[in-house]
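Q: Quick one: this structure, given as structure tokens, is what I'll be asking you about.
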Amino acid sequence: LYLDSISPQFIADLVSWSAVGASTAASALHRELASGLSTPVGFHATASSADAAVGAVRAASAPHAFLSVSKQGVAGIVQTTGNRDGHLVLPAASAAEAEEAACGALAALGLPARAMVDCGYGAGCTTPQEQAAAAAAVAARVADGDGRVCGVVLSAFLKPGRQEIGAQPSQLQFGLSVTEPCLGWEDALATLEALAAAVAARRRASPPPVGRSESMPRAPFRELGAIEQTDNLRVQTIRPLLSPACAIEEVELPLQSKRL
């Protein structure tokens with residue numbers, strides 16, 4: 001979940017999916033950042049509206065040029081190609097009508113109408129049991145052929161539930177979350193297996209088209225060699241900023257000025 005617009009490029013090799021929170025989905029800086037990331041980007045919607053997230057998906061799909069820094073820390077103008085792998089992240093408690101309207105808005109803009117469901121966010125998803133139930137409902141939709149769902153967000157850890165951070169750290173239980181109420185390891189595994197079975201059923205019922213285009217061009221694998229200008233597939237160029245030139249010229253002062 002990216003909050004700043006500088007650090008993502010330094011950890012991009014470790015990230016396979018990126019997210020922008022609901023509070024920053026309307027930020028122009030984060031939309032520009034998403035347009036140059038080499039990962040799919042999910043924009044979180046709120047329980048009341050998905051307008052900002054829809055606008056963010058649209059903006060991130062277009063090329064941008066903005067001020068940032070290179071991996072060498074040099075300030076420059078970054079030019080991106082746009083990221084068409086953006087999608088919505090909707091709370092599991094969202095009404096079916098709201099989800100259909102949000103995906104319909106993306107389709108009307110000529111963008112892929114797909115959404116990820118956050119099974120741990122929203123009313124009725126505050127406990128591990130409710131999160132598992134929400135994931136089971138999503139799996140049932142996918143198995144029935146719902147093509148809008150492209151993934152789920154699950155909060156999972158070693159043990160189910162959560163704990164408060166008290167005054168005595170030694171009393172904390174190992175493997176128990178201190179942030180979100182999480183699914184335990186066994187429940188998370190069962191949930192993922194159910195989702196995988198649902199995806200397999202959807203593919204059997206409606207096989208993907210043959211020869212579908214890639215969302216981004218494939219680049220040949222490179223061994224260690226010369227440093228490229230950029231290794232991000234969605235960043236075209238980074239033009240370093242040139243420092244302003246200073247011209248110094250000796251000027252003869254009048255005699256009165258010298259006396260002062």
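Following the order of the structure tokens, first chain is A, next is B, and so on, with residues numbered from 1 inside each chain and ligands from 1 in the order they appear.
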In stretch 39-232 of chain A, what's strand (DSSP E or B) per DSSP? Answer as an MDAnalysis selection string?
A: chainID A and resid 41:44 65:69 75:80 86:91 115:118 149:153 156 161:162 177 182:183
Q: I need the helix (DSSP H, G or I) residues of stretch 8-242 of chain A per DSSP on the backbone, written as JSON, numbers by chain.
A: {"A": [8, 9, 10, 12, 13, 14, 28, 29, 30, 31, 32, 33, 34, 51, 52, 53, 54, 55, 56, 57, 58, 59, 60, 96, 97, 98, 99, 100, 101, 102, 103, 104, 105, 106, 107, 108, 128, 129, 130, 131, 132, 133, 134, 135, 136, 137, 138, 139, 140, 141, 142, 143, 169, 170, 171, 185, 186, 187, 188, 189, 190, 191, 192, 193, 194, 195, 196, 197, 198, 199, 200, 201, 202, 203, 204, 205]}
Q: Those selected residues, please, written with C-alpha atoms and delivered as a compact mmCIF listing (two decimals), in the first residue's frame.
A:
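Full text of out.txt as output:
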# COMPACT_ATOMS: atom_id res chain seq x y z
CA PRO A 8 7.98 2.53 -4.66
CA GLN A 9 10.54 2.41 -7.47
CA PHE A 10 13.27 1.37 -5.04
CA ALA A 12 9.61 -2.50 -7.29
CA ASP A 13 11.56 -5.73 -7.83
CA LEU A 14 9.99 -7.17 -4.66
CA ALA A 28 -2.88 13.37 -8.63
CA LEU A 29 0.59 12.33 -7.43
CA HIS A 30 -0.51 8.75 -6.73
CA ARG A 31 -2.34 8.50 -10.04
CA GLU A 32 0.82 9.62 -11.84
CA LEU A 33 2.87 7.13 -9.83
CA ALA A 34 0.50 4.28 -10.74
CA ASP A 51 -16.12 7.60 -8.06
CA ALA A 52 -12.61 8.56 -6.96
CA ALA A 53 -11.30 5.03 -7.58
CA VAL A 54 -12.88 4.92 -11.05
CA GLY A 55 -11.30 8.28 -11.87
CA ALA A 56 -7.95 7.00 -10.60
CA VAL A 57 -8.06 3.91 -12.83
CA ARG A 58 -8.83 6.13 -15.80
CA ALA A 59 -6.07 8.63 -15.02
CA ALA A 60 -3.44 5.94 -14.35
CA ALA A 96 -24.23 -5.69 -5.96
CA GLU A 97 -25.80 -2.66 -7.63
CA ALA A 98 -22.91 -0.41 -6.56
CA GLU A 99 -20.33 -2.89 -7.84
CA GLU A 100 -22.15 -3.27 -11.14
CA ALA A 101 -22.37 0.53 -11.52
CA ALA A 102 -18.65 0.98 -10.78
CA CYS A 103 -17.58 -1.70 -13.26
CA GLY A 104 -20.05 -0.30 -15.78
CA ALA A 105 -18.38 3.10 -15.44
CA LEU A 106 -15.01 1.53 -16.26
CA ALA A 107 -16.47 -0.28 -19.27
CA ALA A 108 -17.99 2.98 -20.53
CA PRO A 128 -11.93 -13.83 10.92
CA GLN A 129 -15.18 -15.80 10.66
CA GLU A 130 -16.93 -12.98 8.81
CA GLN A 131 -13.93 -12.56 6.51
CA ALA A 132 -13.98 -16.27 5.66
CA ALA A 133 -17.72 -16.06 4.97
CA ALA A 134 -17.19 -13.07 2.67
CA ALA A 135 -14.48 -14.96 0.77
CA ALA A 136 -16.78 -17.98 0.43
CA ALA A 137 -19.47 -15.72 -1.05
CA VAL A 138 -16.95 -14.34 -3.57
CA ALA A 139 -15.88 -17.90 -4.49
CA ALA A 140 -19.52 -18.80 -5.15
CA ARG A 141 -19.89 -15.81 -7.47
CA VAL A 142 -16.74 -16.70 -9.37
CA ALA A 143 -17.81 -20.32 -9.75
CA PRO A 169 5.73 -6.90 24.93
CA SER A 170 6.74 -10.20 26.52
CA GLN A 171 3.05 -11.03 26.95
CA TRP A 185 -3.02 -20.38 8.64
CA GLU A 186 -5.40 -23.33 8.23
CA ASP A 187 -8.44 -21.15 7.48
CA ALA A 188 -6.45 -19.07 4.98
CA LEU A 189 -5.30 -22.23 3.20
CA ALA A 190 -8.85 -23.58 2.98
CA THR A 191 -10.09 -20.22 1.68
CA LEU A 192 -7.42 -20.07 -1.03
CA GLU A 193 -8.19 -23.64 -2.12
CA ALA A 194 -11.90 -22.78 -2.41
CA LEU A 195 -11.11 -19.68 -4.46
CA ALA A 196 -8.77 -21.67 -6.74
CA ALA A 197 -11.50 -24.26 -7.34
CA ALA A 198 -13.95 -21.47 -8.18
CA VAL A 199 -11.54 -19.94 -10.70
CA ALA A 200 -11.02 -23.35 -12.31
CA ALA A 201 -14.79 -23.78 -12.62
CA ARG A 202 -15.16 -20.34 -14.23
CA ARG A 203 -12.42 -21.12 -16.74
CA ARG A 204 -14.02 -24.42 -17.68
CA ALA A 205 -17.36 -22.70 -18.24
Q: For a test of reading the model, state the distance in Å between atom CA of A:Val149 and atom CA of A:Ser94, rounded to one decimal.
A: 13.1 Å
Q: Please report the interatomic distance between atom CA of A:Ser177 and atom CA of A:Leu88 in Å with one decimal.
A: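 Between atom CA of A:Ser177 and atom CA of A:Leu88 the gap is 26.2 Å.
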Q: When you draw a straight line from atom CA of A:Ser38 to atom CA of A:Ile11, how long is it in Å?
A: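 So the answer is 11.3 Å.
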Q: Find the residue from A:Ala47, A:Ala19, A:Val41, A:Ala62 that sits nearest to A:Leu109; use only C-alpha atoms when measuring.
A: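 Closest to A:Leu109, using only C-alpha atoms: A:Ala62.
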Q: I need the residue nearest A:Pro160 from this list: A:Ala22, A:Ala115, A:Gly184, A:Asp146. Use only C-alpha atoms for the distance.
A: A:Gly184
Q: Give me the residues within 7 Å of stretch 69-83 of chain A as a PyMOL selection string, counting only C-alpha atoms and dropping any in the same chain fewer than 4 places off.
A: chain A and resi 10+34-36+60-65+234-241
Q: Which residues come within 8 Å of A:His87, counting only C-alpha atoms, excluding same-chain residues fewer than 3 positions away, as a PyMOL selection string?
A: chain A and resi 40-43+57+112-116
Q: So, counting only C-alpha atoms, which residue among A:Phe66, A:Leu37, A:Ser206, A:Ser23 is closest to A:Gly145?
A: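 Smallest separation from A:Gly145 among the options: A:Ser206.
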